[in-house]
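*Asks:* run_18.cif is the file, holding mmCIF, C-alpha atoms and all ligand atoms:
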```cif
data_final
#
loop_
_atom_site.label_atom_id
_atom_site.label_comp_id
_atom_site.auth_asym_id
_atom_site.auth_seq_id
_atom_site.Cartn_x
_atom_site.Cartn_y
_atom_site.Cartn_z
CA MET A 1 -4.02 -16.10 12.22
CA SER A 2 -1.28 -18.07 10.57
CA GLU A 3 2.40 -17.24 10.36
CA ARG A 4 3.24 -15.72 7.01
CA LEU A 5 6.79 -14.82 6.03
CA PRO A 6 6.82 -11.08 5.27
CA ILE A 7 7.91 -10.23 1.74
CA ILE A 8 9.21 -6.85 0.55
CA THR A 9 9.61 -6.46 -3.21
CA GLY A 10 11.30 -3.64 -5.09
CA ASN A 11 9.88 -3.06 -8.55
CA TRP A 12 12.38 -0.87 -10.37
CA LYS A 13 10.15 -0.57 -13.45
CA MET A 14 12.07 0.87 -16.47
CA HIS A 15 14.81 2.46 -14.35
CA ARG A 16 18.55 1.70 -14.04
CA ASP A 17 20.82 0.16 -16.68
CA HIS A 18 22.91 -2.89 -15.78
CA LEU A 19 25.80 -0.83 -14.37
CA GLU A 20 23.54 1.41 -12.30
CA ALA A 21 21.78 -1.73 -11.11
CA ILE A 22 25.02 -3.10 -9.68
CA GLN A 23 25.66 0.18 -7.88
CA LEU A 24 22.17 0.23 -6.45
CA VAL A 25 22.45 -3.32 -5.08
CA GLN A 26 25.92 -2.63 -3.66
CA LYS A 27 24.66 0.48 -1.87
CA LEU A 28 21.61 -1.39 -0.65
CA ALA A 29 23.80 -4.16 0.76
CA TYR A 30 25.89 -1.50 2.49
CA HIS A 31 22.85 0.13 4.08
CA LEU A 32 21.46 -3.23 5.11
CA GLU A 33 24.66 -4.49 6.67
CA GLY A 34 23.86 -5.59 10.17
CA ALA A 35 20.16 -4.79 9.73
CA ASP A 36 17.62 -7.26 10.91
CA TYR A 37 15.99 -8.52 7.81
CA VAL A 38 16.25 -12.18 8.49
CA GLY A 39 12.78 -13.64 8.80
CA GLN A 40 11.46 -11.91 5.75
CA GLU A 41 11.99 -12.20 2.03
CA VAL A 42 13.47 -9.34 0.02
CA VAL A 43 12.96 -9.48 -3.73
CA LEU A 44 14.51 -7.19 -6.34
CA CYS A 45 12.86 -6.80 -9.74
CA PRO A 46 15.30 -4.92 -12.01
CA PRO A 47 14.74 -4.53 -15.76
CA PHE A 48 15.44 -7.70 -17.80
CA ILE A 49 18.80 -6.43 -19.04
CA ALA A 50 20.09 -6.09 -15.46
CA LEU A 51 18.96 -9.50 -14.19
CA ARG A 52 22.23 -11.21 -15.08
CA SER A 53 24.47 -8.67 -13.37
CA VAL A 54 22.29 -8.52 -10.26
CA GLN A 55 22.19 -12.34 -10.15
CA THR A 56 25.98 -12.51 -10.27
CA LEU A 57 26.34 -9.90 -7.53
CA LEU A 58 23.81 -11.54 -5.22
CA GLN A 59 25.63 -14.84 -5.66
CA SER A 60 29.20 -13.62 -5.34
CA ASP A 61 28.49 -11.46 -2.29
CA ARG A 62 26.09 -14.01 -0.81
CA LEU A 63 23.40 -11.40 -0.37
CA PRO A 64 20.19 -12.85 1.03
CA MET A 65 17.93 -11.19 -1.53
CA LYS A 66 15.95 -12.88 -4.25
CA LEU A 67 15.53 -11.99 -7.86
CA GLY A 68 12.24 -11.15 -9.52
CA ALA A 69 11.20 -10.26 -13.06
CA GLN A 70 8.66 -7.61 -13.97
CA THR A 71 6.77 -9.68 -16.53
CA CYS A 72 7.21 -12.70 -18.84
CA HIS A 73 5.69 -14.39 -21.87
CA ASP A 74 3.33 -17.33 -21.43
CA GLN A 75 5.12 -19.60 -23.96
CA ASP A 76 8.40 -21.38 -23.26
CA GLU A 77 9.96 -20.34 -26.58
CA GLY A 78 9.06 -19.34 -30.10
CA ALA A 79 8.81 -16.52 -32.59
CA PHE A 80 7.82 -13.80 -30.13
CA THR A 81 10.18 -10.95 -30.90
CA GLY A 82 11.21 -9.01 -27.85
CA GLU A 83 9.72 -11.40 -25.31
CA ILE A 84 11.30 -13.31 -22.41
CA SER A 85 10.12 -16.75 -21.26
CA VAL A 86 9.81 -18.30 -17.82
CA PRO A 87 12.47 -20.99 -18.49
CA MET A 88 14.92 -18.21 -19.43
CA LEU A 89 14.17 -16.48 -16.14
CA GLU A 90 14.50 -19.72 -14.24
CA ARG A 91 18.02 -20.16 -15.65
CA LEU A 92 18.91 -16.78 -14.14
CA ASP A 93 17.79 -17.86 -10.66
CA VAL A 94 14.72 -15.68 -10.82
CA SER A 95 12.31 -16.73 -8.06
CA TYR A 96 9.36 -14.38 -8.54
CA VAL A 97 7.62 -12.82 -11.53
CA LEU A 98 5.18 -9.91 -11.36
CA ALA A 99 1.97 -10.67 -13.25
CA GLY A 100 -0.73 -8.20 -14.14
CA HIS A 101 0.90 -5.04 -12.82
CA SER A 102 -1.53 -2.18 -13.47
CA GLU A 103 0.97 -0.57 -15.87
CA ARG A 104 0.98 -3.78 -17.94
CA ARG A 105 -2.81 -3.89 -17.82
CA GLU A 106 -3.25 -0.21 -18.73
CA LEU A 107 -0.38 0.50 -21.10
CA PHE A 108 0.13 -2.89 -22.72
CA GLY A 109 -3.45 -4.11 -22.85
CA GLU A 110 -3.07 -7.11 -20.56
CA THR A 111 -6.48 -8.55 -19.79
CA ASP A 112 -7.25 -11.02 -17.00
CA GLU A 113 -7.03 -13.74 -19.65
CA VAL A 114 -3.49 -12.71 -20.59
CA VAL A 115 -2.52 -12.44 -16.92
CA ASN A 116 -4.04 -15.87 -16.29
CA ALA A 117 -1.90 -17.43 -19.05
CA LYS A 118 1.20 -15.81 -17.56
CA VAL A 119 0.38 -16.97 -14.02
CA LYS A 120 -0.02 -20.52 -15.36
CA ALA A 121 3.30 -20.31 -17.22
CA ILE A 122 5.07 -18.99 -14.12
CA ARG A 123 3.70 -21.84 -12.02
CA LYS A 124 4.49 -24.42 -14.71
CA GLY A 125 8.09 -23.18 -14.72
CA GLY A 126 8.32 -23.57 -10.94
CA LEU A 127 8.52 -19.83 -10.25
CA ARG A 128 6.23 -17.80 -8.02
CA PRO A 129 3.86 -15.20 -9.39
CA ILE A 130 3.29 -11.92 -7.60
CA LEU A 131 -0.18 -11.30 -8.95
CA CYS A 132 -1.05 -7.61 -8.94
CA VAL A 133 -4.62 -6.40 -8.58
CA GLY A 134 -6.12 -3.01 -7.81
CA GLU A 135 -8.86 -0.56 -8.68
CA SER A 136 -8.70 2.82 -10.41
CA LEU A 137 -9.74 6.05 -8.70
CA GLU A 138 -13.02 6.11 -10.61
CA GLU A 139 -13.75 2.52 -9.59
CA ARG A 140 -13.00 3.33 -5.96
CA GLU A 141 -15.12 6.46 -5.95
CA SER A 142 -18.05 4.59 -7.42
CA GLY A 143 -17.82 2.01 -4.63
CA ARG A 144 -16.69 -0.83 -6.90
CA ALA A 145 -13.19 -1.44 -5.51
CA VAL A 146 -13.92 -4.86 -4.01
CA ASP A 147 -15.86 -6.02 -7.08
CA VAL A 148 -13.05 -4.99 -9.43
CA VAL A 149 -10.38 -6.73 -7.38
CA THR A 150 -12.56 -9.83 -6.99
CA GLU A 151 -13.02 -10.06 -10.74
CA GLN A 152 -9.29 -9.62 -11.37
CA LEU A 153 -8.50 -12.40 -8.89
CA ARG A 154 -11.08 -14.77 -10.37
CA GLY A 155 -9.97 -14.13 -13.94
CA SER A 156 -6.25 -14.25 -13.25
CA LEU A 157 -6.38 -17.39 -11.12
CA ALA A 158 -8.88 -19.41 -13.18
CA GLY A 159 -7.65 -22.99 -13.41
CA VAL A 160 -4.54 -22.26 -11.35
CA SER A 161 -3.88 -24.78 -8.62
CA VAL A 162 -1.84 -23.76 -5.62
CA THR A 163 -0.77 -26.54 -3.29
CA ASP A 164 1.98 -24.71 -1.44
CA PRO A 165 0.64 -21.28 -0.39
CA GLN A 166 4.21 -19.90 -0.54
CA ASP A 167 3.99 -20.29 -4.31
CA LEU A 168 1.57 -17.41 -4.77
CA VAL A 169 1.83 -13.80 -3.65
CA VAL A 170 -0.92 -11.28 -4.34
CA ALA A 171 -0.13 -7.57 -4.41
CA TYR A 172 -3.02 -5.19 -3.83
CA GLU A 173 -2.02 -1.97 -5.57
CA PRO A 174 -4.71 0.68 -5.92
CA VAL A 175 -3.91 2.42 -9.21
CA TRP A 176 -4.58 5.86 -7.70
CA ALA A 177 -1.83 5.31 -5.13
CA ILE A 178 0.91 4.30 -7.58
CA GLY A 179 3.58 6.94 -8.02
CA THR A 180 1.24 9.63 -6.74
CA GLY A 181 2.49 10.00 -3.17
CA ARG A 182 -1.09 9.22 -2.14
CA THR A 183 -1.01 6.07 -0.01
CA ALA A 184 -4.12 4.17 0.99
CA THR A 185 -4.73 4.62 4.71
CA PRO A 186 -3.69 1.56 6.70
CA ASP A 187 -7.41 0.95 7.39
CA ASP A 188 -8.34 1.07 3.71
CA ALA A 189 -5.35 -1.06 2.71
CA GLN A 190 -6.23 -3.59 5.42
CA GLU A 191 -9.87 -3.70 4.34
CA MET A 192 -8.90 -4.40 0.74
CA CYS A 193 -6.19 -6.94 1.63
CA ALA A 194 -8.74 -8.74 3.84
CA ALA A 195 -11.18 -8.73 0.91
CA VAL A 196 -8.42 -10.18 -1.30
CA ARG A 197 -7.81 -12.95 1.24
CA ALA A 198 -11.53 -13.69 1.56
CA GLU A 199 -11.80 -14.04 -2.21
CA LEU A 200 -8.68 -16.21 -2.31
CA GLY A 201 -10.49 -18.36 0.25
CA SER A 202 -13.33 -19.03 -2.14
CA ILE A 203 -10.98 -19.61 -5.09
CA LEU A 204 -8.26 -21.70 -3.42
CA GLY A 205 -9.89 -22.81 -0.18
CA GLU A 206 -9.55 -21.11 3.16
CA PRO A 207 -6.59 -23.06 4.57
CA THR A 208 -4.50 -22.11 1.52
CA ALA A 209 -5.71 -18.49 1.46
CA ASP A 210 -4.83 -18.15 5.12
CA HIS A 211 -1.17 -18.79 4.24
CA VAL A 212 -0.90 -16.83 0.97
CA ARG A 213 1.03 -13.61 1.37
CA VAL A 214 -0.75 -10.40 0.42
CA GLN A 215 1.32 -7.29 -0.23
CA TYR A 216 0.22 -3.68 -0.33
CA GLY A 217 1.69 -1.43 -3.03
CA GLY A 218 1.29 2.26 -3.83
CA SER A 219 3.57 5.03 -2.52
CA VAL A 220 5.11 2.85 0.19
CA LYS A 221 7.87 4.85 1.92
CA PRO A 222 10.05 4.53 5.04
CA GLY A 223 7.52 6.73 6.84
CA ASN A 224 4.45 4.57 6.25
CA ILE A 225 5.78 1.00 6.07
CA ARG A 226 5.40 0.28 9.76
CA THR A 227 1.75 1.20 10.09
CA LEU A 228 0.94 -0.72 6.91
CA MET A 229 2.83 -3.81 8.05
CA ALA A 230 1.10 -3.68 11.44
CA GLU A 231 -2.21 -4.55 9.75
CA PRO A 232 -3.19 -8.20 10.14
CA ASP A 233 -3.75 -9.00 6.44
CA ILE A 234 -0.77 -7.07 5.05
CA ASP A 235 2.23 -9.36 4.76
CA GLY A 236 4.55 -7.16 2.78
CA ALA A 237 4.98 -4.34 0.32
CA LEU A 238 5.48 -3.93 -3.41
CA VAL A 239 7.62 -0.82 -3.61
CA GLY A 240 8.16 1.27 -6.76
CA GLY A 241 9.81 4.69 -6.49
CA ALA A 242 11.31 4.18 -3.03
CA SER A 243 13.05 0.99 -4.17
CA LEU A 244 15.30 3.12 -6.42
CA SER A 245 16.83 4.78 -3.37
CA SER A 246 19.16 2.43 -1.52
CA GLU A 247 18.65 4.39 1.73
CA ASP A 248 14.86 4.38 1.52
CA PHE A 249 14.57 0.77 0.44
CA ALA A 250 16.93 -0.30 3.22
CA LEU A 251 14.78 1.60 5.74
CA ILE A 252 11.67 -0.09 4.38
CA VAL A 253 13.27 -3.54 4.55
CA ALA A 254 14.60 -2.96 8.06
CA HIS A 255 11.48 -1.19 9.30
CA ARG A 256 11.23 -3.34 12.39
CA ARG A 257 14.51 -1.94 13.66
CA THR A 258 14.47 1.66 12.53
CA ASN A 259 12.48 4.62 13.75
CA ALA A 260 11.56 5.78 10.26
P1 LIG A 301 5.23 3.50 -6.15
O1 LIG A 301 5.79 2.87 -4.90
O2 LIG A 301 6.20 4.35 -6.89
O3 LIG A 301 3.91 4.17 -5.88
O4 LIG A 301 4.90 2.29 -7.17
C1 LIG A 301 4.14 1.23 -6.73
C2 LIG A 301 4.21 0.15 -7.75
O5 LIG A 301 3.64 0.24 -8.81
C3 LIG A 301 5.03 -1.03 -7.43
O6 LIG A 301 4.80 -2.06 -8.33
#
```
Please express what this file holds, its structure, as structure tokens.

*Replies:*
Amino acid sequence: MSERLPIITGNWKMHRDHLEAIQLVQKLAYHLEGADYVGQEVVLCPPFIALRSVQTLLQSDRLPMKLGAQTCHDQDEGAFTGEISVPMLERLDVSYVLAGHSERRELFGETDEVVNAKVKAIRKGGLRPILCVGESLEERESGRAVDVVTEQLRGSLAGVSVTDPQDLVVAYEPVWAIGTGRTATPDDAQEMCAAVRAELGSILGEPTADHVRVQYGGSVKPGNIRTLMAEPDIDGALVGGASLSSEDFALIVAHRRTNA
């Protein structure tokens, strides 16, 4: 198995204004002081309106966390009222952009085709997509989880070339585990993340897939991060609710040192 740099991402969704965002990052930095989180990447995805203030804080306090955006438009500029482009994000030192989060797919009608255009735009702009895939409860119960995720990967990555495996992260987030407190068991999460990697192998080639980081997302908490991260194909977590608590997110980030 290859070495893959663990990556923990906090997706704040539509929570925290720009002032609350500063407070949250300050508290997080306080809780993380002295914690061992070197050797892994920590990415914060606040709402668009807070990106600038979080960027300034990370820079001025030299905090070793990276900035992520929750979505983007696929065009560089134009008459797209309300949208934000990849070059705009790049100017704010954003490193990662979530693509195809299940809430975008479900609530905003994003198809694999739309997600594919966004992934291409993110790569073209030199940023890294965190491509989210995952099945619904009904799809899982009817035994179609792997097929659904396979199709999402194929559609979202069509025509995308990845030379440096660090440039792509895939987040497996079963829809039934998001915000429900119902986490996939480490065995189930491992099985699906292994299936994701196997499919990435046929899309991108095995040597690349072996180095692409695969995150698990869905009710990740301080109490379950360790067992999830112990699985061989889980290289990180995409954290929603628990990333809004500085204490909990710090415990998740520093899970190798704490007894959570
Ligand atoms: P929760 O951690 O709140 O279940 O959310 C997961 C998620 O959707 C992260 O993108």

*Asks:* Residues within 6 Å of ligand LIG 301 (chain A) (only C-alpha atoms and all ligand atoms), as a PyMOL selection string?

*Replies:* chain A and resi 11+177-179+217-220+238-242

*Asks:* For the atom pair atom CA of A:Asp147 and atom CA of A:Val170, what is the interatomic distance in Å to one decimal place?

*Replies:*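 We find that atom CA of A:Asp147 and atom CA of A:Val170 lie 16.1 Å from each other.
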
*Asks:* How close does each residue of stretch 24-138 of chain A get to stretch 183-200 of chain A, giving the shortest atom pair and distance in Å to one decimal for every residue with an atom at most 12 Å away, counting all atoms listed in the file, sorted by chain and residue number, as CSV?

*Replies:*
```
residue,atom,partner,partner_atom,distance
A:Leu131,CA,A:Val196,CA,11.3
A:Cys132,CA,A:Val196,CA,10.9
A:Val133,CA,A:Val196,CA,9.0
A:Gly134,CA,A:Met192,CA,9.1
A:Glu135,CA,A:Met192,CA,10.2
A:Leu137,CA,A:Ala184,CA,11.4
```

*Asks:* Might you pull out every residue within 8 Å of A:Val253, with only C-alpha atoms counted and same-chain residues fewer than 6 positions away left off, and present them as a PyMOL selection string?

*Replies:* chain A and resi 8+37+42

*Asks:* Interatomic distance between atom CA of A:Gly10 and atom CA of A:Val43?

*Replies:* 6.2 Å

*Asks:* Choose the residue, out of A:Leu107, A:Ala250, A:Leu57, A:Ala145, that has the smallest atom-to-atom separation from A:Pro174; count all atoms listed in the file.

*Replies:*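 Of all the options, A:Ala145 lies closest to A:Pro174.
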
*Asks:* Fewer than 6 positions away in the same chain doesn't count, so skip those; otherwise give me all residues within 12 Å of A:Ile130, counting only C-alpha atoms, as JSON, numbers by chain.

*Replies:* {"A": [7, 8, 9, 10, 11, 43, 45, 68, 69, 70, 71, 72, 95, 96, 97, 98, 99, 100, 101, 115, 118, 119, 122, 123, 153, 156, 157, 166, 167, 168, 169, 170, 171, 172, 173, 212, 213, 214, 215, 216, 217, 236, 237, 238]}

*Asks:* Output C-alpha atoms for every residue in the selection just made, as an mmCIF file, keeping the file's coordinate frame.

*Replies:*
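For reference, result-v8.cif as written:
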```cif
data_model
loop_
_atom_site.group_PDB
_atom_site.id
_atom_site.type_symbol
_atom_site.label_atom_id
_atom_site.label_comp_id
_atom_site.auth_asym_id
_atom_site.auth_seq_id
_atom_site.Cartn_x
_atom_site.Cartn_y
_atom_site.Cartn_z
ATOM 1 C CA ILE A 7 7.910 -10.230 1.740
ATOM 2 C CA ILE A 8 9.210 -6.850 0.550
ATOM 3 C CA THR A 9 9.610 -6.460 -3.210
ATOM 4 C CA GLY A 10 11.300 -3.640 -5.090
ATOM 5 C CA ASN A 11 9.880 -3.060 -8.550
ATOM 6 C CA VAL A 43 12.960 -9.480 -3.730
ATOM 7 C CA CYS A 45 12.860 -6.800 -9.740
ATOM 8 C CA GLY A 68 12.240 -11.150 -9.520
ATOM 9 C CA ALA A 69 11.200 -10.260 -13.060
ATOM 10 C CA GLN A 70 8.660 -7.610 -13.970
ATOM 11 C CA THR A 71 6.770 -9.680 -16.530
ATOM 12 C CA CYS A 72 7.210 -12.700 -18.840
ATOM 13 C CA SER A 95 12.310 -16.730 -8.060
ATOM 14 C CA TYR A 96 9.360 -14.380 -8.540
ATOM 15 C CA VAL A 97 7.620 -12.820 -11.530
ATOM 16 C CA LEU A 98 5.180 -9.910 -11.360
ATOM 17 C CA ALA A 99 1.970 -10.670 -13.250
ATOM 18 C CA GLY A 100 -0.730 -8.200 -14.140
ATOM 19 C CA HIS A 101 0.900 -5.040 -12.820
ATOM 20 C CA VAL A 115 -2.520 -12.440 -16.920
ATOM 21 C CA LYS A 118 1.200 -15.810 -17.560
ATOM 22 C CA VAL A 119 0.380 -16.970 -14.020
ATOM 23 C CA ILE A 122 5.070 -18.990 -14.120
ATOM 24 C CA ARG A 123 3.700 -21.840 -12.020
ATOM 25 C CA LEU A 153 -8.500 -12.400 -8.890
ATOM 26 C CA SER A 156 -6.250 -14.250 -13.250
ATOM 27 C CA LEU A 157 -6.380 -17.390 -11.120
ATOM 28 C CA GLN A 166 4.210 -19.900 -0.540
ATOM 29 C CA ASP A 167 3.990 -20.290 -4.310
ATOM 30 C CA LEU A 168 1.570 -17.410 -4.770
ATOM 31 C CA VAL A 169 1.830 -13.800 -3.650
ATOM 32 C CA VAL A 170 -0.920 -11.280 -4.340
ATOM 33 C CA ALA A 171 -0.130 -7.570 -4.410
ATOM 34 C CA TYR A 172 -3.020 -5.190 -3.830
ATOM 35 C CA GLU A 173 -2.020 -1.970 -5.570
ATOM 36 C CA VAL A 212 -0.900 -16.830 0.970
ATOM 37 C CA ARG A 213 1.030 -13.610 1.370
ATOM 38 C CA VAL A 214 -0.750 -10.400 0.420
ATOM 39 C CA GLN A 215 1.320 -7.290 -0.230
ATOM 40 C CA TYR A 216 0.220 -3.680 -0.330
ATOM 41 C CA GLY A 217 1.690 -1.430 -3.030
ATOM 42 C CA GLY A 236 4.550 -7.160 2.780
ATOM 43 C CA ALA A 237 4.980 -4.340 0.320
ATOM 44 C CA LEU A 238 5.480 -3.930 -3.410
#
```

*Asks:* Of the residues A:Ala50, A:Val175, A:Arg62, A:Leu24, which is the one nearest to A:Glu138, using all atoms listed in the file?

*Replies:*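 Of A:Ala50, A:Val175, A:Arg62, A:Leu24, the one nearest A:Glu138 is A:Val175, counting all atoms listed in the file.
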